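What follows is a short report on a single structure.
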Amino acid sequence: MAPYDFAARRHYLSDDLAEGTEIVCNTSQADYFVNVLRLKSGSTILVFNGRDGEWRAELSQVKRNDCTLTMLQQVRPQASGPDIHYLFAPLKQARLDYMVQKATEMGVAVLRPVITQRTNVDGVNLERMRGNAIEAAEQCGILRIPMVEEPVKLGPVLDEWDPARALIYCDEAASEHSPVETLAGVASGPMGVLVGPEGGFGTEEQDMLRRQSFVVPISLGPRVLRADTAAVAALALVNAVLGDWRSN
């Protein structure tokens, strides 16, 4: 049986959630509940904030641009998920939106843009990234919202990396062609997954990555994958071999 109701309306709130808490909705929230969802006074909706689990809330004092939500009961406790940091070279907007949504669905804890030699995107809209993560969580029954971090160049990322956290590096030239066999030799625990830009990492970047004791190169097969496809493939492999798919 699914751990949540697929048909239920779910909405993210930033407020703290606890039994009896009353939240006065802002204008955009009220417009969504009243004018888009057509909810009436006494209607209930599921809400979550990424910290306090999922709650059934009741609408009251409903007007055109005004309503209040009262927390009735917690229906699911907060879930932690795997400790996976997903690092990626920024993509063009539509593909970045897709990648953020899929990484959220895969349960990553952190989304971290990494600037590389071949990164060809001028800037990263962090608020848009967070919005896409929230939307994916709302639609898929996910309770954790990944943290979205500021873009950082690859060199400083590696210099500051905790060696206890394995960094799975998607490398087209990896000597071991079976990613499952490679990942089976990695200790389960906190980890990162790194996918490069279109065109791959530069030669100096590849050398820098391979020199790190904590970096684990894996192959994603005989075909060249686009970066957003590589994200899904790599995170699926990591979850299946090292993450929380093993117990489901």
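Every chain in the structure tokens has a letter given in the order shown (A, B, ...), and although residue numbers restart at 1 in each chain, ligands are simply numbered from 1 in the order shown.
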All residues 7 Å or closer to Gly107 of chain A, only C-alpha atoms, same chain fewer than 4 positions away omitted, as a ChimeraX atom specification: /A:81-82,103
Selection: 9 Å around segment 54-65 of chain A, only C-alpha atoms, excl. self and same-chain fewer than 2 positions, as number ranges by chain: A: 10, 17-19, 25-31, 33-35, 39-52, 67-78, 143
Using only C-alpha atoms, which protein or nucleic acid residues come within 9 Å of segment 189-194 of chain A? Drop anything in the same chain fewer than 3 positions from it, and give the result as an mmCIF file with N, CA and C atoms, in the first residue's frame.
data_model
loop_
_atom_site.group_PDB
_atom_site.id
_atom_site.type_symbol
_atom_site.label_atom_id
_atom_site.label_comp_id
_atom_site.auth_asym_id
_atom_site.auth_seq_id
_atom_site.Cartn_x
_atom_site.Cartn_y
_atom_site.Cartn_z
ATOM 1 N N PRO A 82 17.956 9.437 2.270
ATOM 2 C CA PRO A 82 19.400 9.193 2.192
ATOM 3 C C PRO A 82 20.200 10.491 2.239
ATOM 4 N N ASP A 83 21.402 10.409 2.788
ATOM 5 C CA ASP A 83 22.278 11.585 2.892
ATOM 6 C C ASP A 83 23.109 11.694 1.614
ATOM 7 N N ILE A 84 22.452 12.141 0.547
ATOM 8 C CA ILE A 84 23.100 12.266 -0.754
ATOM 9 C C ILE A 84 23.136 13.729 -1.158
ATOM 10 N N HIS A 85 24.332 14.243 -1.435
ATOM 11 C CA HIS A 85 24.491 15.579 -1.997
ATOM 12 C C HIS A 85 24.624 15.424 -3.503
ATOM 13 N N TYR A 86 23.768 16.089 -4.266
ATOM 14 C CA TYR A 86 23.860 16.006 -5.716
ATOM 15 C C TYR A 86 24.529 17.262 -6.250
ATOM 16 N N LEU A 87 25.677 17.094 -6.891
ATOM 17 C CA LEU A 87 26.467 18.191 -7.444
ATOM 18 C C LEU A 87 26.404 18.110 -8.963
ATOM 19 N N PHE A 88 26.213 19.242 -9.608
ATOM 20 C CA PHE A 88 25.988 19.225 -11.054
ATOM 21 C C PHE A 88 26.428 20.542 -11.668
ATOM 22 N N ALA A 89 26.899 20.450 -12.915
ATOM 23 C CA ALA A 89 27.166 21.664 -13.686
ATOM 24 C C ALA A 89 25.817 22.237 -14.124
ATOM 25 N N VAL A 114 27.779 23.334 -9.501
ATOM 26 C CA VAL A 114 29.243 23.393 -9.529
ATOM 27 C C VAL A 114 29.685 23.997 -10.865
ATOM 28 N N ALA A 164 35.414 11.752 4.414
ATOM 29 C CA ALA A 164 34.581 10.648 4.887
ATOM 30 C C ALA A 164 33.330 10.465 4.029
ATOM 31 N N ARG A 165 33.023 11.445 3.196
ATOM 32 C CA ARG A 165 31.851 11.380 2.311
ATOM 33 C C ARG A 165 32.326 11.009 0.911
ATOM 34 N N ALA A 166 32.049 9.785 0.472
ATOM 35 C CA ALA A 166 32.454 9.366 -0.872
ATOM 36 C C ALA A 166 31.790 10.258 -1.918
ATOM 37 N N LEU A 167 32.528 10.599 -2.965
ATOM 38 C CA LEU A 167 31.995 11.404 -4.063
ATOM 39 C C LEU A 167 31.959 10.538 -5.314
ATOM 40 N N ILE A 168 30.763 10.132 -5.704
ATOM 41 C CA ILE A 168 30.582 9.293 -6.885
ATOM 42 C C ILE A 168 30.638 10.186 -8.120
ATOM 43 N N TYR A 169 31.616 9.937 -8.951
ATOM 44 C CA TYR A 169 31.895 10.806 -10.101
ATOM 45 C C TYR A 169 31.565 10.059 -11.388
ATOM 46 N N CYS A 170 30.626 10.574 -12.160
ATOM 47 C CA CYS A 170 30.226 9.938 -13.412
ATOM 48 C C CYS A 170 31.268 10.233 -14.477
ATOM 49 N N VAL A 186 31.804 0.494 -2.285
ATOM 50 C CA VAL A 186 31.772 1.749 -1.529
ATOM 51 C C VAL A 186 30.999 1.548 -0.239
ATOM 52 N N ALA A 231 21.806 12.395 -14.515
ATOM 53 C CA ALA A 231 21.400 12.615 -13.123
ATOM 54 C C ALA A 231 20.473 11.510 -12.653
ATOM 55 N N ALA A 234 22.416 8.037 -12.557
ATOM 56 C CA ALA A 234 23.379 7.937 -11.456
ATOM 57 C C ALA A 234 22.679 7.832 -10.112
ATOM 58 N N LEU A 235 21.668 8.653 -9.892
ATOM 59 C CA LEU A 235 20.971 8.628 -8.605
ATOM 60 C C LEU A 235 20.182 7.333 -8.426
ATOM 61 N N VAL A 238 22.831 4.736 -7.379
ATOM 62 C CA VAL A 238 23.287 4.953 -6.007
ATOM 63 C C VAL A 238 22.209 4.542 -5.005
ATOM 64 N N LEU A 242 23.354 1.634 -2.698
ATOM 65 C CA LEU A 242 23.812 2.187 -1.410
ATOM 66 C C LEU A 242 22.726 2.921 -0.637
ATOM 67 N N GLY A 243 21.658 3.333 -1.294
ATOM 68 C CA GLY A 243 20.662 4.188 -0.655
ATOM 69 C C GLY A 243 19.487 3.441 -0.054
#
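Closest to Ala7 of chain A among A:Val216, A:Val224, A:Cys140, A:Met99 is A:Cys140, based on only C-alpha atoms.
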Residue list (helix (DSSP H, G or I), DSSP) for segment 70-217 of chain A, as a ChimeraX atom specification: /A:93-105,126-140,154-159,179-184,203-210
What parts of segment 45-105 of chain A does DSSP call strand (DSSP E)? I'd like the answer as a compact mmCIF listing (two decimals) with C-alpha atoms, in the first residue's frame.
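Below you can see result.txt, which holds the result:
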# COMPACT_ATOMS: atom_id res chain seq x y z
CA ILE A 45 -5.89 19.64 2.77
CA LEU A 46 -2.56 17.98 3.51
CA VAL A 47 0.33 20.34 4.26
CA PHE A 48 4.03 19.90 5.02
CA GLU A 54 2.65 15.93 6.98
CA TRP A 55 -0.51 17.37 8.54
CA ARG A 56 -4.21 17.39 7.79
CA ALA A 57 -5.37 21.01 7.97
CA GLU A 58 -8.84 22.53 7.90
CA LEU A 59 -9.77 25.77 6.15
CA SER A 60 -11.86 28.35 7.97
CA GLN A 61 -12.77 32.04 7.66
CA VAL A 62 -12.77 31.54 3.92
CA LYS A 63 -13.18 34.68 1.80
CA ASP A 66 -8.41 35.35 2.86
CA CYS A 67 -8.52 32.09 4.81
CA THR A 68 -7.03 30.36 7.84
CA LEU A 69 -5.56 26.88 8.14
CA THR A 70 -5.80 24.93 11.41
CA MET A 71 -3.59 21.88 11.94
CA LEU A 72 -5.81 18.95 12.95
CA GLN A 73 -3.50 15.95 13.13
CA GLN A 74 -0.20 14.67 11.83
CA VAL A 75 -0.78 11.97 9.21
CA ARG A 76 2.89 11.14 8.53
CA ILE A 84 23.10 12.27 -0.75
CA HIS A 85 24.49 15.58 -2.00
CA TYR A 86 23.86 16.01 -5.72
CA LEU A 87 26.47 18.19 -7.44
CA PHE A 88 25.99 19.22 -11.05
10 Å contact set for Ala136 of chain A, only C-alpha atoms, chain neighbours under 2 positions out, as JSON, numbers by chain: {"A": [98, 100, 101, 102, 103, 104, 105, 130, 131, 132, 133, 134, 138, 139, 140, 141, 142, 145]}
Write out, as a PDB file, in the first residue's frame, the residues just selected, with C-alpha atoms.
ATOM      1  CA  TYR A  98      13.602  18.795 -15.003  1.00  0.00           C
ATOM      2  CA  VAL A 100      15.907  19.453  -9.993  1.00  0.00           C
ATOM      3  CA  GLN A 101      12.496  17.793  -9.979  1.00  0.00           C
ATOM      4  CA  LYS A 102      13.940  14.332 -10.647  1.00  0.00           C
ATOM      5  CA  ALA A 103      16.735  14.715  -8.084  1.00  0.00           C
ATOM      6  CA  THR A 104      14.117  15.709  -5.498  1.00  0.00           C
ATOM      7  CA  GLU A 105      12.036  12.655  -6.373  1.00  0.00           C
ATOM      8  CA  ARG A 130      13.786  25.623  -4.812  1.00  0.00           C
ATOM      9  CA  GLY A 131      10.346  26.194  -6.326  1.00  0.00           C
ATOM     10  CA  ASN A 132      10.804  23.204  -8.628  1.00  0.00           C
ATOM     11  CA  ALA A 133      11.949  21.055  -5.704  1.00  0.00           C
ATOM     12  CA  ILE A 134       8.856  22.048  -3.702  1.00  0.00           C
ATOM     13  CA  GLU A 138       4.041  18.266  -3.428  1.00  0.00           C
ATOM     14  CA  GLN A 139       3.201  16.061  -6.398  1.00  0.00           C
ATOM     15  CA  CYS A 140       5.064  12.935  -5.279  1.00  0.00           C
ATOM     16  CA  GLY A 141       4.319  12.784  -1.562  1.00  0.00           C
ATOM     17  CA  ILE A 142       7.896  13.604  -0.554  1.00  0.00           C
ATOM     18  CA  ILE A 145      12.861  19.481   0.540  1.00  0.00           C
TER      19      ILE A 145
END
